[in-house]
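Source file: my_file_22.pdb; contents: PDB, C-alpha atoms.
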ATOM      1  CA  MET A 279     -88.546-212.666-103.974
ATOM      2  CA  MET A 280     -85.646-213.811-101.875
ATOM      3  CA  ALA A 281     -83.209-216.300-103.298
ATOM      4  CA  ASP A 282     -79.727-216.984-102.095
ATOM      5  CA  HIS A 283     -76.843-219.171-103.199
ATOM      6  CA  CYS A 284     -77.146-220.517-106.746
ATOM      7  CA  ILE A 285     -80.855-221.165-107.122
ATOM      8  CA  ASP A 286     -81.542-222.183-110.672
ATOM      9  CA  THR A 287     -84.104-219.799-112.187
ATOM     10  CA  ARG A 288     -85.950-222.807-113.574
ATOM     11  CA  TRP A 289     -86.720-223.865-110.004
ATOM     12  CA  ILE A 290     -88.424-220.539-109.414
ATOM     13  CA  GLU A 291     -90.400-220.837-112.635
ATOM     14  CA  GLN A 292     -91.355-224.405-111.765
ATOM     15  CA  LEU A 293     -92.525-223.393-108.306
ATOM     16  CA  ASP A 294     -94.568-220.494-109.700
ATOM     17  CA  GLY A 295     -96.140-222.829-112.249
ATOM     18  CA  VAL A 296     -97.017-225.421-109.623
ATOM     19  CA  VAL A 297     -98.620-222.884-107.266
ATOM     20  CA  VAL A 298    -100.657-221.288-110.053
ATOM     21  CA  ASP A 299    -101.773-224.732-111.279
ATOM     22  CA  VAL A 300    -102.953-225.786-107.824
ATOM     23  CA  PHE A 301    -105.191-222.726-107.598
ATOM     24  CA  ASN A 302    -106.404-222.895-111.199
ATOM     25  CA  ILE A 303    -107.095-226.621-111.318
ATOM     26  CA  MET A 304    -108.196-227.463-107.799
ATOM     27  CA  LEU A 305    -109.802-224.241-106.654
ATOM     28  CA  ARG A 306    -110.670-222.547-109.950
ATOM     29  CA  GLN A 307    -109.084-219.404-108.586
ATOM     30  CA  SER A 308    -106.444-217.184-110.084
ATOM     31  CA  CYS A 309    -103.208-216.742-108.174
ATOM     32  CA  GLU A 310    -100.427-214.266-108.951
ATOM     33  CA  VAL A 311     -96.828-213.766-107.943
ATOM     34  CA  VAL A 312     -96.426-210.732-105.686
ATOM     35  CA  GLU A 313     -93.088-208.981-106.076
ATOM     36  CA  ASP A 314     -93.519-207.039-102.831
ATOM     37  CA  ALA A 315     -92.278-209.572-100.295
ATOM     38  CA  ALA A 316     -93.485-207.342 -97.459
ATOM     39  CA  ALA A 317     -97.046-208.066 -98.574
ATOM     40  CA  ALA A 318     -96.976-211.293 -96.582
ATOM     41  CA  ALA A 319     -95.089-210.088 -93.543
ATOM     42  CA  GLU A 320     -97.814-211.289 -91.206
ATOM     43  CA  ILE A 321     -97.754-215.036 -90.573
ATOM     44  CA  ASP A 322    -100.232-216.830 -88.342
ATOM     45  CA  ILE A 323    -100.080-220.384 -89.594
ATOM     46  CA  ALA A 324     -97.604-222.535 -91.491
ATOM     47  CA  ALA A 325     -97.521-225.972 -93.044
ATOM     48  CA  GLU A 326     -94.266-227.839 -93.607
ATOM     49  CA  ILE A 327     -93.486-230.895 -95.723
ATOM     50  CA  LEU A 328     -90.059-232.500 -95.888
ATOM     51  CA  LEU A 329     -88.660-234.211 -98.957
ATOM     52  CA  SER A 330     -86.029-236.831 -98.171
ATOM     53  CA  GLY A 331     -83.966-239.143-100.333
ATOM     54  CA  ALA A 332     -81.864-238.342-103.379
ATOM     55  CA  ILE A 333     -82.854-234.722-102.802
ATOM     56  CA  ASP A 334     -83.534-233.399 -99.304
ATOM     57  CA  ALA A 335     -85.728-230.320 -99.093
ATOM     58  CA  GLN A 336     -88.268-228.439 -97.018
ATOM     59  CA  CYS A 337     -91.438-226.900 -98.458
ATOM     60  CA  LEU A 338     -93.007-224.302 -96.186
ATOM     61  CA  VAL A 339     -96.312-222.511 -96.800
ATOM     62  CA  GLU A 340     -96.982-219.530 -94.514
ATOM     63  CA  LEU A 341    -100.176-217.496 -94.316
ATOM     64  CA  PRO A 342    -101.984-214.853 -92.319
ATOM     65  CA  GLN A 343    -105.159-216.176 -90.683
ATOM     66  CA  ALA A 344    -107.359-214.216 -93.091
ATOM     67  CA  THR A 345    -105.750-215.864 -96.109
ATOM     68  CA  ALA A 346    -106.009-219.272 -94.478
ATOM     69  CA  LYS A 347    -109.711-218.713 -93.898
ATOM     70  CA  LYS A 348    -110.280-217.672 -97.538
ATOM     71  CA  LEU A 349    -108.327-220.682 -98.715
ATOM     72  CA  THR A 350    -110.556-222.986 -96.671
ATOM     73  CA  ASP A 351    -113.628-221.257 -98.134
ATOM     74  CA  ALA A 352    -112.256-221.928-101.611
ATOM     75  CA  PHE A 353    -111.510-225.583-100.895
ATOM     76  CA  LEU A 354    -114.933-226.266 -99.416
ATOM     77  CA  GLY A 355    -116.926-224.087-101.777
ATOM     78  CA  SER A 356    -118.653-221.996 -99.150
ATOM     79  CA  GLU A 357    -117.932-219.333 -96.572
ATOM     80  CA  ASP A 358    -118.188-220.280 -92.928
ATOM     81  CA  ASP A 359    -116.643-219.764 -89.525
ATOM     82  CA  TRP A 360    -114.426-222.844 -89.872
ATOM     83  CA  GLU A 361    -112.807-224.522 -86.889
ATOM     84  CA  ASP A 362    -109.042-224.099 -86.615
ATOM     85  CA  ALA A 363    -108.510-227.818 -87.236
ATOM     86  CA  LEU A 364    -110.287-227.625 -90.579
ATOM     87  CA  ILE A 365    -108.331-224.525 -91.609
ATOM     88  CA  GLU A 366    -105.084-226.258 -90.679
ATOM     89  CA  ASP A 367    -106.164-229.289 -92.676
ATOM     90  CA  ALA A 368    -106.752-227.113 -95.743
ATOM     91  CA  ILE A 369    -103.330-225.484 -95.404
ATOM     92  CA  GLY A 370    -101.755-228.899 -95.105
ATOM     93  CA  GLU A 371    -103.449-230.002 -98.326
ATOM     94  CA  LEU A 372    -102.233-226.883-100.119
ATOM     95  CA  CYS A 373     -98.673-227.552 -98.957
ATOM     96  CA  ASN A 374     -99.033-231.203 -99.955
ATOM     97  CA  MET A 375    -100.062-230.347-103.505
ATOM     98  CA  ILE A 376     -97.350-227.720-103.908
ATOM     99  CA  ALA A 377     -94.627-230.025-102.574
ATOM    100  CA  GLY A 378     -95.851-232.948-104.667
ATOM    101  CA  GLY A 379     -96.112-230.845-107.808
ATOM    102  CA  TRP A 380     -92.677-229.333-107.307
ATOM    103  CA  LYS A 381     -91.159-232.756-106.708
ATOM    104  CA  GLY A 382     -92.779-233.979-109.920
ATOM    105  CA  ALA A 383     -91.386-230.988-111.809
ATOM    106  CA  LEU A 384     -87.866-231.910-110.706
ATOM    107  CA  GLY A 385     -88.087-235.086-112.750
ATOM    108  CA  ALA A 386     -86.247-238.342-112.260
ATOM    109  CA  THR A 387     -83.669-236.794-109.922
ATOM    110  CA  ALA A 388     -86.268-236.483-107.178
ATOM    111  CA  SER A 389     -88.468-239.463-107.950
ATOM    112  CA  THR A 390     -86.895-241.629-105.269
ATOM    113  CA  SER A 391     -87.315-238.950-102.593
ATOM    114  CA  GLY A 392     -90.297-239.294-100.306
ATOM    115  CA  LEU A 393     -92.640-236.630 -98.951
ATOM    116  CA  SER A 394     -93.619-236.396 -95.298
ATOM    117  CA  VAL A 395     -97.173-235.738 -94.177
ATOM    118  CA  PRO A 396     -97.797-232.008 -93.510
ATOM    119  CA  ALA A 397     -96.801-230.588 -90.126
ATOM    120  CA  ILE A 398     -98.767-227.531 -89.023
ATOM    121  CA  SER A 399     -97.468-224.817 -86.741
ATOM    122  CA  ARG A 400     -98.828-221.544 -85.414
ATOM    123  CA  ALA A 401     -97.094-218.173 -85.393
ATOM    124  CA  CYS A 402     -94.927-218.699 -82.356
ATOM    125  CA  ALA A 403     -93.855-222.235 -83.183
ATOM    126  CA  PRO A 404     -90.072-222.409 -82.852
ATOM    127  CA  ASP A 405     -89.324-225.247 -85.246
ATOM    128  CA  ARG A 406     -89.658-223.746 -88.693
ATOM    129  CA  ASN A 407     -86.021-223.615 -89.620
ATOM    130  CA  PRO A 408     -84.892-225.654 -92.630
ATOM    131  CA  PRO A 409     -83.125-228.954 -91.936
ATOM    132  CA  ASN A 410     -79.354-228.798 -91.517
ATOM    133  CA  GLY A 411     -77.371-228.584 -94.718
ATOM    134  CA  CYS A 412     -80.035-226.895 -96.839
ATOM    135  CA  SER A 413     -77.846-224.366 -98.614
ATOM    136  CA  LEU A 414     -80.197-223.464-101.460
ATOM    137  CA  ARG A 415     -83.191-221.382-100.427
ATOM    138  CA  MET A 416     -85.900-219.353-102.095
ATOM    139  CA  ARG A 417     -89.034-217.636-100.892
ATOM    140  CA  ARG A 418     -91.887-216.537-103.118
ATOM    141  CA  THR A 419     -94.938-214.465-102.279
ATOM    142  CA  TYR A 420     -98.272-215.049-104.002
ATOM    143  CA  ALA A 421    -101.785-213.702-103.672
ATOM    144  CA  PHE A 422    -105.242-214.980-104.421
ATOM    145  CA  ARG A 423    -108.393-212.914-103.831
ATOM    146  CA  ASN A 424    -105.969-210.140-102.809
ATOM    147  CA  SER A 425    -104.776-212.296 -99.926
ATOM    148  CA  PRO A 426    -101.024-212.918 -99.666
ATOM    149  CA  PHE A 427     -99.152-216.047 -98.665
ATOM    150  CA  THR A 428     -95.590-217.293 -99.078
ATOM    151  CA  VAL A 429     -93.980-220.524-100.213
ATOM    152  CA  SER A 430     -90.389-221.224 -99.186
ATOM    153  CA  LEU A 431     -88.156-223.994-100.432
ATOM    154  CA  ALA A 432     -84.897-225.006 -98.774
ATOM    155  CA  ILE A 433     -82.877-227.621-100.594
ATOM    156  CA  ARG A 434     -79.853-229.645 -99.648
ATOM    157  CA  GLU A 435     -77.644-230.212-102.651
ATOM    158  CA  PRO A 436     -77.561-233.844-103.719
ATOM    159  CA  ARG A 437     -74.450-235.704-102.664
ATOM    160  CA  ASP A 438     -73.248-236.195-106.247
ATOM    161  CA  ILE A 439     -73.374-232.442-106.822
ATOM    162  CA  GLN A 440     -71.352-231.885-103.664
ATOM    163  CA  GLU A 441     -68.808-234.443-104.837
ATOM    164  CA  ILE A 442     -68.526-232.771-108.244
ATOM    165  CA  SER A 443     -68.068-229.418-106.536
ATOM    166  CA  ALA A 444     -65.320-230.882-104.366
ATOM    167  CA  GLN A 445     -63.589-232.277-107.451
ATOM    168  CA  VAL A 446     -63.863-228.909-109.169
ATOM    169  CA  HIS A 447     -62.285-227.233-106.155
ATOM    170  CA  ALA A 448     -59.475-229.790-106.266
ATOM    171  CA  LEU A 449     -58.965-229.145-109.970
ATOM    172  CA  LYS A 450     -58.624-225.436-109.255
ATOM    173  CA  GLY A 451     -55.318-226.265-107.614
ATOM    174  CA  THR A 452     -54.101-227.666-110.938
ATOM    175  CA  GLY A 453     -54.936-224.536-112.899
ATOM    176  CA  PHE A 454     -58.244-225.869-114.232
ATOM    177  CA  SER A 455     -61.188-223.807-112.973
ATOM    178  CA  PRO A 456     -64.563-224.540-114.511
ATOM    179  CA  SER A 457     -67.596-222.665-113.202
ATOM    180  CA  VAL A 458     -68.835-224.060-109.910
ATOM    181  CA  ARG A 459     -72.133-222.354-110.576
ATOM    182  CA  ALA A 460     -72.678-224.514-113.656
ATOM    183  CA  THR A 461     -72.449-227.656-111.546
ATOM    184  CA  LYS A 462     -75.335-226.493-109.414
ATOM    185  CA  SER A 463     -77.975-226.619-112.118
ATOM    186  CA  MET A 464     -78.517-230.250-111.044
ATOM    187  CA  GLY A 465     -79.277-231.206-114.627
ATOM    188  CA  LEU A 466     -82.836-229.848-114.445
TER
ATOM    189  CA  MET B  92    -128.091-249.472-108.947
ATOM    190  CA  SER B  93    -127.354-247.587-105.770
ATOM    191  CA  VAL B  94    -123.698-247.359-104.790
ATOM    192  CA  ARG B  95    -121.714-247.092-101.596
ATOM    193  CA  VAL B  96    -118.276-245.509-101.565
ATOM    194  CA  LEU B  97    -115.492-245.540 -98.981
ATOM    195  CA  ILE B  98    -113.126-242.556 -98.877
ATOM    196  CA  VAL B  99    -109.857-243.153 -96.997
ATOM    197  CA  ASP B 100    -107.924-239.925 -96.462
ATOM    198  CA  ASP B 101    -106.402-238.244 -93.424
ATOM    199  CA  SER B 102    -107.561-234.859 -94.711
ATOM    200  CA  VAL B 103    -111.108-233.959 -93.708
ATOM    201  CA  VAL B 104    -111.092-231.258 -96.371
ATOM    202  CA  MET B 105    -110.158-233.738 -99.103
ATOM    203  CA  ARG B 106    -112.818-236.210 -97.936
ATOM    204  CA  ARG B 107    -115.431-233.456 -98.100
ATOM    205  CA  ILE B 108    -114.292-232.435-101.593
ATOM    206  CA  LEU B 109    -114.419-236.025-102.841
ATOM    207  CA  GLU B 110    -117.844-236.616-101.297
ATOM    208  CA  SER B 111    -119.119-233.434-102.914
ATOM    209  CA  VAL B 112    -117.875-234.642-106.304
ATOM    210  CA  LEU B 113    -119.550-237.996-105.759
ATOM    211  CA  ARG B 114    -122.836-236.284-104.971
ATOM    212  CA  HIS B 115    -122.608-234.375-108.257
ATOM    213  CA  SER B 116    -121.645-237.341-110.413
ATOM    214  CA  ASN B 117    -124.983-238.691-111.568
ATOM    215  CA  LEU B 118    -124.775-241.635-109.199
ATOM    216  CA  ASP B 119    -127.535-243.211-107.165
ATOM    217  CA  LEU B 120    -125.479-242.720-104.022
ATOM    218  CA  ALA B 121    -126.663-244.858-101.110
ATOM    219  CA  GLY B 122    -123.841-243.914 -98.766
ATOM    220  CA  VAL B 123    -120.375-242.469 -98.373
ATOM    221  CA  LEU B 124    -118.166-243.835 -95.613
ATOM    222  CA  HIS B 125    -115.183-241.855 -94.314
ATOM    223  CA  ALA B 126    -111.950-243.212 -92.849
ATOM    224  CA  ALA B 127    -108.951-241.150 -91.744
ATOM    225  CA  ASN B 128    -106.272-243.801 -92.397
ATOM    226  CA  GLY B 129    -105.775-247.369 -93.489
ATOM    227  CA  VAL B 130    -106.616-248.816 -90.080
ATOM    228  CA  GLU B 131    -109.981-247.048 -90.045
ATOM    229  CA  GLY B 132    -110.467-248.058 -93.670
ATOM    230  CA  LEU B 133    -110.042-251.734 -92.843
ATOM    231  CA  ALA B 134    -112.510-251.381 -89.973
ATOM    232  CA  ALA B 135    -115.026-249.805 -92.354
ATOM    233  CA  LEU B 136    -114.583-252.696 -94.790
ATOM    234  CA  GLU B 137    -115.104-255.255 -92.036
ATOM    235  CA  GLN B 138    -118.209-253.441 -90.809
ATOM    236  CA  SER B 139    -119.626-253.310 -94.329
ATOM    237  CA  ALA B 140    -119.098-257.039 -94.677
ATOM    238  CA  THR B 141    -120.649-257.754 -91.280
ATOM    239  CA  GLU B 142    -123.707-255.631 -92.066
ATOM    240  CA  ASN B 143    -123.938-257.113 -95.556
ATOM    241  CA  GLN B 144    -123.812-253.658 -97.111
ATOM    242  CA  PRO B 145    -121.241-254.100 -99.833
ATOM    243  CA  LEU B 146    -119.183-251.233-101.184
ATOM    244  CA  ASN B 147    -118.865-250.382-104.855
ATOM    245  CA  LEU B 148    -115.820-248.115-104.879
ATOM    246  CA  ILE B 149    -112.892-247.150-102.653
ATOM    247  CA  LEU B 150    -110.993-243.867-103.032
ATOM    248  CA  CYS B 151    -107.767-243.951-101.040
ATOM    249  CA  ASP B 152    -105.047-241.430-100.278
ATOM    250  CA  VAL B 153    -101.448-242.672-100.447
ATOM    251  CA  HIS B 154     -99.736-240.714 -97.661
ATOM    252  CA  MET B 155    -101.494-241.155 -94.328
ATOM    253  CA  PRO B 156    -100.393-241.602 -90.730
ATOM    254  CA  GLU B 157    -101.030-244.906 -88.909
ATOM    255  CA  MET B 158    -101.377-246.921 -92.145
ATOM    256  CA  ASN B 159    -100.710-245.608 -95.633
ATOM    257  CA  GLY B 160    -102.683-246.378 -98.762
ATOM    258  CA  LEU B 161    -100.404-249.098-100.096
ATOM    259  CA  ASP B 162    -100.386-250.993 -96.803
ATOM    260  CA  PHE B 163    -104.170-250.599 -96.623
ATOM    261  CA  LEU B 164    -104.524-252.164-100.070
ATOM    262  CA  LEU B 165    -102.194-255.042 -99.262
ATOM    263  CA  GLU B 166    -103.862-255.758 -95.908
ATOM    264  CA  LYS B 167    -107.306-255.539 -97.505
ATOM    265  CA  GLN B 168    -106.244-258.198 -99.982
ATOM    266  CA  ARG B 169    -104.598-260.361 -97.328
ATOM    267  CA  ARG B 170    -107.847-260.368 -95.352
ATOM    268  CA  ASN B 171    -109.916-260.770 -98.527
ATOM    269  CA  LEU B 172    -112.006-257.705 -97.688
ATOM    270  CA  ALA B 173    -114.163-256.156-100.417
ATOM    271  CA  PRO B 174    -112.787-258.428-103.140
ATOM    272  CA  GLY B 175    -113.423-257.115-106.620
ATOM    273  CA  VAL B 176    -114.335-253.628-105.434
ATOM    274  CA  PRO B 177    -112.379-251.087-107.515
ATOM    275  CA  LEU B 178    -109.866-249.024-105.578
ATOM    276  CA  VAL B 179    -108.416-245.764-106.907
ATOM    277  CA  MET B 180    -105.433-244.101-105.257
ATOM    278  CA  ILE B 181    -105.403-240.327-104.727
ATOM    279  CA  THR B 182    -102.013-238.656-104.480
ATOM    280  CA  ALA B 183    -100.261-235.305-104.628
ATOM    281  CA  ASP B 184     -97.033-237.125-105.502
ATOM    282  CA  ALA B 185     -97.547-239.038-108.720
ATOM    283  CA  THR B 186     -93.841-239.931-108.812
ATOM    284  CA  ASP B 187     -94.071-241.794-105.503
ATOM    285  CA  PRO B 188     -93.024-245.420-106.105
ATOM    286  CA  GLN B 189     -95.855-246.483-103.782
ATOM    287  CA  VAL B 190     -98.361-245.350-106.411
ATOM    288  CA  LEU B 191     -97.001-247.729-109.022
ATOM    289  CA  GLN B 192     -96.691-250.456-106.402
ATOM    290  CA  ALA B 193    -100.359-249.991-105.549
ATOM    291  CA  VAL B 194    -101.387-250.219-109.202
ATOM    292  CA  ALA B 195     -99.229-253.319-109.617
ATOM    293  CA  ALA B 196    -100.881-254.779-106.505
ATOM    294  CA  GLY B 197    -104.375-254.336-107.888
ATOM    295  CA  ALA B 198    -105.464-250.704-107.605
ATOM    296  CA  GLN B 199    -107.523-249.707-110.662
ATOM    297  CA  GLY B 200    -105.493-246.535-111.122
ATOM    298  CA  TYR B 201    -104.591-243.255-109.483
ATOM    299  CA  ILE B 202    -105.638-239.632-109.611
ATOM    300  CA  SER B 203    -103.097-236.868-109.102
ATOM    301  CA  LYS B 204    -103.834-233.796-107.004
ATOM    302  CA  PRO B 205    -104.592-231.120-107.973
ATOM    303  CA  PHE B 206    -107.478-232.579-109.929
ATOM    304  CA  THR B 207    -110.458-231.135-111.728
ATOM    305  CA  LEU B 208    -113.952-232.229-110.787
ATOM    306  CA  GLU B 209    -114.291-233.588-114.305
ATOM    307  CA  ARG B 210    -111.248-235.814-113.798
ATOM    308  CA  ILE B 211    -112.773-237.415-110.707
ATOM    309  CA  LYS B 212    -116.176-237.759-112.351
ATOM    310  CA  SER B 213    -114.654-239.369-115.414
ATOM    311  CA  CYS B 214    -112.770-241.876-113.294
ATOM    312  CA  ILE B 215    -115.773-242.704-111.128
ATOM    313  CA  GLN B 216    -118.131-243.070-114.065
ATOM    314  CA  SER B 217    -115.741-245.436-115.811
ATOM    315  CA  LEU B 218    -115.831-247.722-112.786
ATOM    316  CA  LEU B 219    -119.459-247.426-111.696
ATOM    317  CA  PRO B 220    -122.731-247.805-113.571
ATOM    318  CA  PRO B 221    -124.590-244.508-114.097
ATOM    319  CA  VAL B 222    -128.070-243.927-112.812
ATOM    320  CA  ALA B 223    -130.594-245.203-115.335
ATOM    321  CA  PRO B 224    -132.291-242.198-116.959
ATOM    322  CA  PRO B 225    -136.045-241.857-116.401
ATOM    323  CA  PRO B 226    -138.209-243.402-119.130
ATOM    324  CA  SER B 227    -139.213-239.993-120.499
ATOM    325  CA  ALA B 228    -135.560-239.080-121.031
ATOM    326  CA  MET B 229    -135.061-242.315-122.972
ATOM    327  CA  GLY B 230    -137.818-241.421-125.370
ATOM    328  CA  GLY B 231    -139.537-244.697-124.500
ATOM    329  CA  THR B 232    -143.266-245.280-124.392
ATOM    330  CA  GLN B 233    -145.257-245.727-121.235
ATOM    331  CA  PRO B 234    -146.469-249.311-120.637
TER
END
Take the structure from the file and write it as structure tokens.
Amino acid sequence: MMADHCIDTRWIEQLDGVVVDVFNIMLRQSCEVVEDAAAAAEIDIAAEILLSGAIDAQCLVELPQATAKKLTDAFLGSEDDWEDALIEDAIGELCNMIAGGWKGALGATASTSGLSVPAISRACAPDRNPPNGCSLRMRRTYAFRNSPFTVSLAIREPRDIQEISAQVHALKGTGFSPSVRATKSMGL
Amino acid sequence: MSVRVLIVDDSVVMRRILESVLRHSNLDLAGVLHAANGVEGLAALEQSATENQPLNLILCDVHMPEMNGLDFLLEKQRRNLAPGVPLVMITADATDPQVLQAVAAGAQGYISKPFTLERIKSCIQSLLPPVAPPPSAMGGTQP
């Protein structure tokens, strides 16, 4: 697992819970967290959804082609030589459910933020970087049917959090220095 | 009573899943129409009216390109298409204000993704009449 800046551990737990729920409820498949991030080093296809509003964020699901094919099998309840468009559609739906579930887990803070429709890209697509200003990032690797995939979240801190942080920095000059880290829990 | 259902969703995979659930829901299913967005959905409603083949249920995604689910519902009502036909929204984002707006505008409810097959069946069966069981299953006597 990669996480930088001050990612609240509850966000990680919420994301894990959402991903596991999607597989359990929708696909009746088990899905586990994989601690070995190298397990999903190969990426052939990715789906991206942007969250914009009170909270700005990017949800990115990346998979090897073999995992994407198995995921499509699971969605459609049979094994077949699916067309690329159908596989991409399935990945988009997975990303949609993960992003929607994670947004719901954030509670009222995120309720006024809107989700984009999924954007699909292939391995060499250049535009997979998070939007500007997303300072909080985490990347989790999961596996179902022994097939790995990753989910990445990049989050731009809400403006009110930034303002509080700025005030805290200003207060530091007066001798008062509360923990900046505590202000980044975003009340979740 | 045989039923006809319109599924409006930009995801082919989701339309296939929903159709599969419908076909396993103890319905006398006469037809399932597919539309990839609200514009196609409106065209399907107009065609159904023209051909005098009324629909009994509409399942509609919220987030779609071209025309989203809320706009589809509002335009359907403005044109008085399929009046009285229950419409259920399908969404991965249950906190989206558009979902509540759709319910306030007349949608019968919404189903959050991920969903279980039982959840969809339960919703459908509450809105549509089940297939009448054969006389033998009713324990009735033959005429």
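Restricting the calculation to all atoms listed in the file, the smallest distance between chain A and any of B:Gln189, B:Gln199, B:Gln144, B:Ser217 is found for B:Gln189.
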### Message
Select, as a ChimeraX atom specification, those residues of chain A with any atom no more than 12 Å from chain B (distances computed using all atoms listed in the file).
### Response
/A:296-306,327,329-331,349-356,360-361,363-397
### Message
I need the output of the PyMOL selection byres ((chain B and resi 181) around 6) for this file as a VMD selection string; which residues are they?
### Response
chain B and resid 151 to 152 180 182 201 to 202
### Message
(-117.5, -249.5, -103.8) in this file's frame - what residues fall within 6 Å of it? Use only C-alpha atoms and give the answer as a PyMOL selection string.
### Response
chain B and resi 95-96+146-149+176
Output for the residues just chosen: C-alpha atoms as an mmCIF file, in the coordinates of the input:
data_model
loop_
_atom_site.group_PDB
_atom_site.id
_atom_site.type_symbol
_atom_site.label_atom_id
_atom_site.label_comp_id
_atom_site.auth_asym_id
_atom_site.auth_seq_id
_atom_site.Cartn_x
_atom_site.Cartn_y
_atom_site.Cartn_z
ATOM 1 C CA ARG B 95 -121.714 -247.092 -101.596
ATOM 2 C CA VAL B 96 -118.276 -245.509 -101.565
ATOM 3 C CA LEU B 146 -119.183 -251.233 -101.184
ATOM 4 C CA ASN B 147 -118.865 -250.382 -104.855
ATOM 5 C CA LEU B 148 -115.820 -248.115 -104.879
ATOM 6 C CA ILE B 149 -112.892 -247.150 -102.653
ATOM 7 C CA VAL B 176 -114.335 -253.628 -105.434
#
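In this model, the gap between CA of Val153 (chain B) and CA of Glu166 (chain B) comes to 14.1 Å.
In this structure, CA of Leu191 (chain B) sits 19.7 Å away from CA of Ile98 (chain B).
Rounded to one decimal, CA of Gln138 (chain B) and CA of Gly200 (chain B) lie 24.9 Å from each other.
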### Task
Expand the PyMOL selection byres ((chain B and resi 198) around 9) into the individual residues it matches in the shown file, reporting them as a PyMOL selection string.
chain B and resi 164+177-180+190+192-197+199-201
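Matched in the shown structure by the PyMOL selection byres ((chain A and resi 399) around 6): Ile323, Ala324, Ile398, Arg400 and Ala403 of chain A.
Each of A:Leu293, A:Leu341, A:Ala335, A:Val312 was checked against Ala432 (chain A) using only C-alpha atoms; the smallest atom-to-atom distance is that of A:Ala335.
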### Query
For Glu110 (chain B), which residue out of B:Ile211, B:Gly132, B:Phe163, B:Leu218 is the nearest one, using all atoms listed in the file?
B:Ile211
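Across B:Leu219, B:Val130, B:Leu113, B:Glu137, the tightest approach to Met92 (chain B) is made by B:Leu219 when counting all atoms listed in the file.
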If we count all atoms listed in the file and set the cut-off at 8 Å, which residues sit around His125 (chain B), ignoring sequence neighbours fewer than 2 positions away in its own chain? Please answer as an mmCIF file with C-alpha atoms, in the frame of the given file.
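Once written, out_18.cif looks like this:
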data_model
loop_
_atom_site.group_PDB
_atom_site.id
_atom_site.type_symbol
_atom_site.label_atom_id
_atom_site.label_comp_id
_atom_site.auth_asym_id
_atom_site.auth_seq_id
_atom_site.Cartn_x
_atom_site.Cartn_y
_atom_site.Cartn_z
ATOM 1 C CA LEU B 97 -115.492 -245.540 -98.981
ATOM 2 C CA ILE B 98 -113.126 -242.556 -98.877
ATOM 3 C CA VAL B 99 -109.857 -243.153 -96.997
ATOM 4 C CA ASP B 100 -107.924 -239.925 -96.462
ATOM 5 C CA ARG B 106 -112.818 -236.210 -97.936
ATOM 6 C CA VAL B 123 -120.375 -242.469 -98.373
ATOM 7 C CA ALA B 127 -108.951 -241.150 -91.744
ATOM 8 C CA GLY B 132 -110.467 -248.058 -93.670
#
